[in-house]
Structure formats: C-alpha cells, structure tokens
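Containing mmCIF, C-alpha atoms: start34.cif.
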data_entry
loop_
_atom_site.label_atom_id
_atom_site.label_comp_id
_atom_site.auth_asym_id
_atom_site.auth_seq_id
_atom_site.Cartn_x
_atom_site.Cartn_y
_atom_site.Cartn_z
CA MET A 18 27.38 62.67 67.39
CA THR A 19 26.18 64.97 70.15
CA LEU A 20 26.18 68.77 70.26
CA PRO A 21 25.78 69.64 73.95
CA ASN A 22 26.29 73.37 73.35
CA LEU A 23 23.54 73.56 70.73
CA SER A 24 20.12 74.92 71.58
CA GLU A 25 17.81 72.72 69.51
CA ALA A 26 14.85 75.08 69.93
CA GLN A 27 16.68 77.82 68.02
CA PHE A 28 18.45 75.53 65.53
CA ASP A 29 17.07 75.63 61.99
CA LEU A 30 17.57 72.92 59.38
CA PRO A 31 17.46 74.65 55.97
CA THR A 32 15.40 72.98 53.28
CA GLN A 33 14.54 73.74 49.68
CA ASP A 34 10.98 74.57 50.74
CA LYS A 35 12.20 77.14 53.26
CA LEU A 36 14.26 78.79 50.53
CA ALA A 37 11.20 79.18 48.32
CA ALA A 38 10.11 82.78 48.01
CA PRO A 39 7.17 83.31 50.43
CA VAL A 40 5.83 86.27 48.47
CA ARG A 41 6.47 87.25 44.88
CA PHE A 42 7.39 90.93 44.47
CA ASP A 43 5.73 92.57 41.51
CA HIS A 44 7.87 95.74 41.48
CA PRO A 45 11.19 96.11 39.61
CA PRO A 46 14.40 95.50 41.58
CA ARG A 47 15.34 98.68 43.45
CA ILE A 48 19.01 99.58 43.08
CA LEU A 49 20.86 102.41 44.86
CA LEU A 50 24.14 103.59 43.36
CA LEU A 51 26.87 105.45 45.28
CA TYR A 52 30.00 107.07 43.83
CA GLY A 53 33.08 108.46 45.54
CA SER A 54 34.15 111.75 43.99
CA LEU A 55 33.01 115.37 44.10
CA ARG A 56 34.99 116.48 41.04
CA GLU A 57 33.06 118.19 38.25
CA ARG A 58 34.45 115.67 35.76
CA SER A 59 34.16 112.64 38.02
CA PHE A 60 34.95 109.34 36.35
CA SER A 61 33.44 107.36 39.22
CA ARG A 62 30.20 109.30 38.65
CA PHE A 63 30.40 108.68 34.90
CA LEU A 64 30.87 104.95 35.51
CA THR A 65 28.02 104.95 38.03
CA GLU A 66 25.71 106.71 35.57
CA GLU A 67 26.66 104.19 32.88
CA ALA A 68 25.86 101.35 35.27
CA ALA A 69 22.51 102.97 36.10
CA ARG A 70 21.60 103.13 32.42
CA ILE A 71 22.37 99.43 32.00
CA LEU A 72 20.36 98.52 35.10
CA ALA A 73 17.41 100.59 33.90
CA HIS A 74 17.60 98.85 30.53
CA LEU A 75 17.49 95.50 32.37
CA GLY A 76 14.31 96.67 34.10
CA ALA A 77 15.55 97.94 37.47
CA GLU A 78 14.37 101.07 39.26
CA VAL A 79 17.53 103.06 39.99
CA ARG A 80 18.49 105.93 42.27
CA ILE A 81 21.89 107.65 42.35
CA PHE A 82 22.82 109.44 45.57
CA ASP A 83 24.63 112.76 45.13
CA PRO A 84 27.27 113.02 47.91
CA HIS A 85 27.59 116.81 47.58
CA GLY A 86 26.59 118.40 50.90
CA LEU A 87 26.83 115.20 52.95
CA PRO A 88 28.55 116.21 56.21
CA VAL A 89 31.53 114.39 57.66
CA THR A 90 30.37 111.42 59.72
CA ASP A 91 29.17 112.39 63.21
CA SER A 92 29.74 116.12 62.61
CA GLU A 93 25.97 116.57 62.32
CA ALA A 94 22.93 114.80 63.71
CA ALA A 95 21.43 111.92 61.75
CA THR A 96 18.45 114.20 61.06
CA HIS A 97 20.58 116.24 58.64
CA PRO A 98 18.69 116.26 55.30
CA LYS A 99 21.47 114.61 53.29
CA VAL A 100 22.01 111.92 55.94
CA ALA A 101 18.28 111.25 56.13
CA GLU A 102 18.12 111.04 52.32
CA LEU A 103 20.99 108.52 52.17
CA ARG A 104 19.56 106.32 54.91
CA ALA A 105 16.08 106.38 53.37
CA LEU A 106 17.51 105.34 50.01
CA SER A 107 19.46 102.51 51.63
CA LEU A 108 16.26 101.21 53.25
CA TRP A 109 14.41 101.60 49.94
CA SER A 110 17.01 99.63 48.02
CA GLU A 111 17.12 95.88 47.43
CA GLY A 112 20.57 96.06 45.86
CA GLN A 113 23.37 98.59 45.70
CA VAL A 114 26.34 99.57 43.52
CA TRP A 115 29.42 101.17 45.13
CA CYS A 116 31.91 102.85 42.80
CA SER A 117 35.02 104.66 44.04
CA PRO A 118 38.18 106.08 42.56
CA GLU A 119 41.40 104.63 43.94
CA ARG A 120 43.33 107.20 45.96
CA HIS A 121 46.55 106.32 47.75
CA GLY A 122 45.77 102.66 47.19
CA ALA A 123 42.34 102.77 48.84
CA ILE A 124 38.83 104.15 48.53
CA THR A 125 38.24 107.88 48.80
CA SER A 126 37.04 109.70 51.91
CA VAL A 127 33.90 110.67 49.97
CA MET A 128 33.05 107.00 49.46
CA LYS A 129 33.87 105.94 53.01
CA ASN A 130 31.87 108.85 54.45
CA GLN A 131 28.72 107.64 52.70
CA ILE A 132 29.17 104.09 53.97
CA ASP A 133 29.96 105.31 57.50
CA TRP A 134 26.69 107.26 57.62
CA ILE A 135 24.73 104.04 56.99
CA PRO A 136 24.71 102.22 60.34
CA LEU A 137 24.62 98.47 60.80
CA GLU A 138 21.49 98.76 62.86
CA VAL A 139 18.78 101.33 63.64
CA GLY A 140 16.50 99.90 66.31
CA SER A 141 15.36 96.58 64.87
CA THR A 142 16.04 97.66 61.28
CA ARG A 143 19.29 96.88 59.44
CA PRO A 144 19.71 99.38 56.60
CA THR A 145 21.97 97.13 54.47
CA GLN A 146 21.60 93.54 55.70
CA GLY A 147 20.51 91.07 53.02
CA ARG A 148 20.81 93.52 50.15
CA THR A 149 22.90 92.63 47.12
CA LEU A 150 26.00 94.63 46.26
CA ALA A 151 28.20 95.17 43.21
CA VAL A 152 31.57 96.95 43.52
CA MET A 153 33.44 99.00 40.93
CA GLN A 154 36.47 101.26 40.79
CA VAL A 155 38.21 103.70 38.47
CA SER A 156 41.94 104.34 38.41
CA GLY A 157 44.06 107.08 36.89
CA GLY A 158 46.86 104.65 36.12
CA SER A 159 47.21 100.93 35.50
CA GLN A 160 44.55 98.48 36.55
CA SER A 161 44.29 97.83 40.27
CA PHE A 162 41.92 95.94 42.55
CA ASN A 163 42.76 97.61 45.87
CA THR A 164 39.55 99.64 45.93
CA VAL A 165 37.15 96.86 44.94
CA ASN A 166 38.81 94.61 47.54
CA THR A 167 38.23 97.26 50.22
CA LEU A 168 34.63 97.73 49.10
CA ARG A 169 34.11 93.96 49.35
CA LEU A 170 35.40 94.02 52.92
CA LEU A 171 33.01 96.84 53.80
CA GLY A 172 30.11 95.09 52.08
CA ARG A 173 30.75 91.98 54.15
CA TRP A 174 30.91 94.10 57.30
CA MET A 175 27.58 95.69 56.34
CA ARG A 176 26.15 92.15 55.95
CA MET A 177 25.46 92.51 52.25
CA VAL A 178 25.43 89.79 49.59
CA THR A 179 28.32 90.93 47.39
CA ILE A 180 28.22 89.37 43.93
CA PRO A 181 31.30 87.54 42.57
CA ASN A 182 31.90 89.80 39.55
CA GLN A 183 33.37 93.31 39.73
CA SER A 184 34.60 96.14 37.50
CA SER A 185 37.97 97.90 37.60
CA VAL A 186 38.56 100.56 34.94
CA PRO A 187 42.20 101.70 34.47
CA LYS A 188 43.24 104.99 32.88
CA ALA A 189 39.66 106.14 33.25
CA TYR A 190 40.41 109.42 31.45
CA GLU A 191 40.75 107.37 28.24
CA GLN A 192 37.50 105.43 28.69
CA PHE A 193 34.95 108.27 28.60
CA ASP A 194 34.11 110.83 25.93
CA GLU A 195 33.59 114.55 26.49
CA ALA A 196 29.92 113.98 27.34
CA GLY A 197 30.88 111.50 30.07
CA ARG A 198 29.67 108.43 28.17
CA MET A 199 31.79 105.29 28.34
CA LYS A 200 33.45 104.29 25.09
CA PRO A 201 33.06 100.76 23.65
CA SER A 202 35.73 98.47 25.09
CA PRO A 203 36.20 95.24 27.05
CA PHE A 204 35.93 97.40 30.18
CA TYR A 205 32.44 98.50 29.13
CA ASP A 206 31.52 94.88 28.43
CA ARG A 207 32.63 93.97 31.97
CA VAL A 208 30.35 96.66 33.42
CA VAL A 209 27.45 95.10 31.52
CA ASP A 210 28.46 91.69 32.94
CA VAL A 211 28.49 93.07 36.49
CA MET A 212 25.14 94.83 36.23
CA GLU A 213 23.54 91.79 34.63
CA GLU A 214 24.85 89.63 37.46
CA LEU A 215 23.70 92.09 40.12
CA PHE A 216 20.22 92.15 38.58
CA LYS A 217 20.02 88.33 38.61
CA PHE A 218 21.28 88.03 42.18
CA THR A 219 18.86 90.70 43.36
CA LEU A 220 15.94 88.80 41.82
CA LEU A 221 17.12 85.65 43.61
CA VAL A 222 17.83 87.21 47.00
CA ARG A 223 15.31 90.00 47.61
CA GLU A 224 12.30 87.76 48.33
CA ARG A 225 14.35 85.45 50.54
CA SER A 226 16.66 87.89 52.32
CA ASP A 227 14.89 87.70 55.69
CA TYR A 228 15.41 83.94 55.80
CA LEU A 229 18.92 84.00 54.34
CA VAL A 230 20.23 86.37 57.02
CA ASP A 231 18.28 84.83 59.93
CA ARG A 232 20.99 83.72 62.40
CA TYR A 233 21.08 81.03 65.04
CA SER A 234 23.07 83.22 67.46
CA GLU A 235 20.54 86.05 67.19
CA ARG A 236 17.58 83.69 67.65
CA ARG A 237 19.25 82.24 70.74
CA ASP A 238 19.99 85.68 72.19
CA ALA A 239 16.38 86.74 71.62
CA ALA A 240 15.11 83.58 73.32
CA GLN A 241 17.37 84.17 76.33
CA ARG A 242 16.19 87.78 76.67
CA GLN A 243 12.57 86.66 76.57
CA ALA A 244 13.27 84.01 79.21
#

What's the structure tokens form of this structure?
Amino acid sequence: MTLPNLSEAQFDLPTQDKLAAPVRFDHPPRILLLYGSLRERSFSRFLTEEAARILAHLGAEVRIFDPHGLPVTDSEAATHPKVAELRALSLWSEGQVWCSPERHGAITSVMKNQIDWIPLEVGSTRPTQGRTLAVMQVSGGSQSFNTVNTLRLLGRWMRMVTIPNQSSVPKAYEQFDEAGRMKPSPFYDRVVDVMEELFKFTLLVRERSDYLVDRYSERRDAAQRQA
C-alpha cells in the first residue's frame, strides 16, 4: 500500500513508549470549575461547589470562577480584569468542570459568555487544548441532556478531552437544602462518579497532553513554513 499524499518526515507512529509520561508531576491535579447562573440562589453554583468539595477530597487543587462582572464577549478588551482572571485560570488548569442550567433547551448566556472569552489560541498557546473536561447541568423540570450535549460539543471545539460520564440533575430545587448543600440521592452519587472519573482522566492525560494533541497536519504546516 502506498500513501503518495503522506509526508513521511512529519508522520508519527505512536508507540507505548511515546505515551509514557516524560515527566512526573508532583503537584495535585489543577481543576477549574465554571457555572452558568448569576442568581443569588443558583443551583448550578451549588452543584459546582459540591463538585469542588468532592474534587478537593480526592486531592485536587480547585478554583471556581465567579462570572459576576465578566463583560459580554468583545464588549471590552481582553485586558479587562475579569477576562484576564478567567484566561489565567484556564491556563493554570489541567482539567475543567462546566456546569450550566438549561434555559430554552440550551446552555445559558452566562455559561456561553465564559467559554467565548477563552480563545482557541493566543499566540502559540492554546488555553484549553489537551485539558480534561467534565460537563454537568441542572434543570427546573424533568431530566434533560440538551445542555450537557451542547457543552460536549463546545468542549470538542475547544480541543478538550471530555470524559464519558456526565451529570444531569432534574428538579434541582428539590435536590439542595437551604444552605445550598446537595441532599443524598442517586443524583449526588452520579456527581461523585463524574468527579472521580475526571480526577482519574486528569492524572492520565496531564503529563501526556502535549503528545496526545500533537497533530500531523500542524507539523506539516510548520515544516512548510520553515521551508
């Protein structure tokens, strides 16, 4: 079999040795959590905070971004303090959790605004590429998966490694107590499942992400530019 269109110089044959972690990280997995509501009693924030507690118990270092004060995308310069904070946290992270309410069958504008402020590329740096991602949603009514499906699409577009498991919490007003803590239920157990899986995938991916997202097409383009 011949591949006349293939540039052998830029073609890489993956091996088990190449997938071995080149350097062992000695710091805890760094997880950024985003939520998609500005309401005072925000169930997406409550679920995000519950997920952060579980991740911290697993041993992760967690940061939750507060979307209050984040301007509408492109209405301010990227030097705006809230934009700069979000982008710095994205670069700091090795994994992320996105949690949005479902509104009109989709994610909220608050959630999408945060994702839109994180570009695919800044110079030679990709703020999200190769990072792991877990997606969650809360609903006011019956269980739905519209929002987590949309978040998966966005995660793929942002070149993230989205884990297989996910959390969808219906009738969220019934699932949290007055203090905002999640009540015991199968829905809580699923959140534990998702955070446990995210933690495992982050441990697997973070030391290998540069190799895992290294692309033939980009290597070939770089070689042609140099030539």

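Interatomic distance, CA of Leu215 in chain A to CA of Lys188 in chain A: 24.5 Å.
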
Given the file above and the PyMOL selection byres ((chain A and resi 142-148) around 12), which residues are selected, and can you give them as an NGL selection string? :A and (46-49 or 101 or 103-114 or 132-141 or 149-151 or 171-180 or 215-216 or 218-232)

Among the residues A:Ser156, A:Thr90, A:Asn130, A:Thr96, the one that comes closest to Pro118 in chain A [using all atoms listed in the file]: A:Ser156

Which distance in Å separates CA of Arg80 in chain A and CA of Phe42 in chain A, to one decimal? 18.8 Å

Taking the file as shown, find all residues satisfying the PyMOL selection byres ((chain A and resi 61) around 8) and write them as a list of chain:residue names.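 What the PyMOL selection byres ((chain A and resi 61) around 8) grabs from the file is A:Tyr52, A:Gly53, A:Ser54, A:Ser59, A:Phe60, A:Arg62, A:Phe63, A:Leu64, A:Thr65, A:Cys116, A:Ser117, A:Pro118, A:Gln154, A:Val155.
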
Using the atoms already present, construct N, CA and C atoms for range 143-159 of chain A and hand them back as an mmCIF file, in the frame of the given file.
data_model
loop_
_atom_site.group_PDB
_atom_site.id
_atom_site.type_symbol
_atom_site.label_atom_id
_atom_site.label_comp_id
_atom_site.auth_asym_id
_atom_site.auth_seq_id
_atom_site.Cartn_x
_atom_site.Cartn_y
_atom_site.Cartn_z
ATOM 1 N N ARG A 143 17.915 96.878 59.940
ATOM 2 C CA ARG A 143 19.290 96.880 59.440
ATOM 3 C C ARG A 143 19.275 97.472 58.034
ATOM 4 N N PRO A 144 19.846 98.667 57.867
ATOM 5 C CA PRO A 144 19.710 99.380 56.600
ATOM 6 C C PRO A 144 20.368 98.697 55.394
ATOM 7 N N THR A 145 21.291 97.754 55.611
ATOM 8 C CA THR A 145 21.970 97.130 54.470
ATOM 9 C C THR A 145 21.876 95.603 54.478
ATOM 10 N N GLN A 146 21.544 95.000 55.594
ATOM 11 C CA GLN A 146 21.600 93.540 55.700
ATOM 12 C C GLN A 146 20.700 92.863 54.666
ATOM 13 N N GLY A 147 21.274 91.867 53.970
ATOM 14 C CA GLY A 147 20.510 91.070 53.020
ATOM 15 C C GLY A 147 20.377 91.679 51.647
ATOM 16 N N ARG A 148 20.863 92.908 51.468
ATOM 17 C CA ARG A 148 20.810 93.520 50.150
ATOM 18 C C ARG A 148 21.994 93.051 49.304
ATOM 19 N N THR A 149 21.802 92.994 48.003
ATOM 20 C CA THR A 149 22.900 92.630 47.120
ATOM 21 C C THR A 149 23.793 93.834 46.887
ATOM 22 N N LEU A 150 25.029 93.556 46.470
ATOM 23 C CA LEU A 150 26.000 94.630 46.260
ATOM 24 C C LEU A 150 26.924 94.278 45.109
ATOM 25 N N ALA A 151 27.165 95.260 44.230
ATOM 26 C CA ALA A 151 28.200 95.170 43.210
ATOM 27 C C ALA A 151 29.216 96.275 43.458
ATOM 28 N N VAL A 152 30.499 95.977 43.253
ATOM 29 C CA VAL A 152 31.570 96.950 43.520
ATOM 30 C C VAL A 152 32.331 97.262 42.236
ATOM 31 N N MET A 153 32.699 98.533 42.093
ATOM 32 C CA MET A 153 33.440 99.000 40.930
ATOM 33 C C MET A 153 34.468 100.042 41.362
ATOM 34 N N GLN A 154 35.501 100.214 40.529
ATOM 35 C CA GLN A 154 36.470 101.260 40.790
ATOM 36 C C GLN A 154 36.994 101.836 39.487
ATOM 37 N N VAL A 155 37.482 103.073 39.574
ATOM 38 C CA VAL A 155 38.210 103.700 38.470
ATOM 39 C C VAL A 155 39.593 104.067 38.973
ATOM 40 N N SER A 156 40.561 104.002 38.065
ATOM 41 C CA SER A 156 41.940 104.340 38.410
ATOM 42 C C SER A 156 42.493 105.301 37.374
ATOM 43 N N GLY A 157 43.404 106.170 37.816
ATOM 44 C CA GLY A 157 44.060 107.080 36.890
ATOM 45 C C GLY A 157 45.209 106.426 36.156
ATOM 46 N N GLY A 158 45.736 105.338 36.716
ATOM 47 C CA GLY A 158 46.860 104.650 36.120
ATOM 48 C C GLY A 158 46.500 103.236 35.701
ATOM 49 N N SER A 159 47.419 102.321 35.910
ATOM 50 C CA SER A 159 47.210 100.930 35.500
ATOM 51 C C SER A 159 46.140 100.271 36.356
#
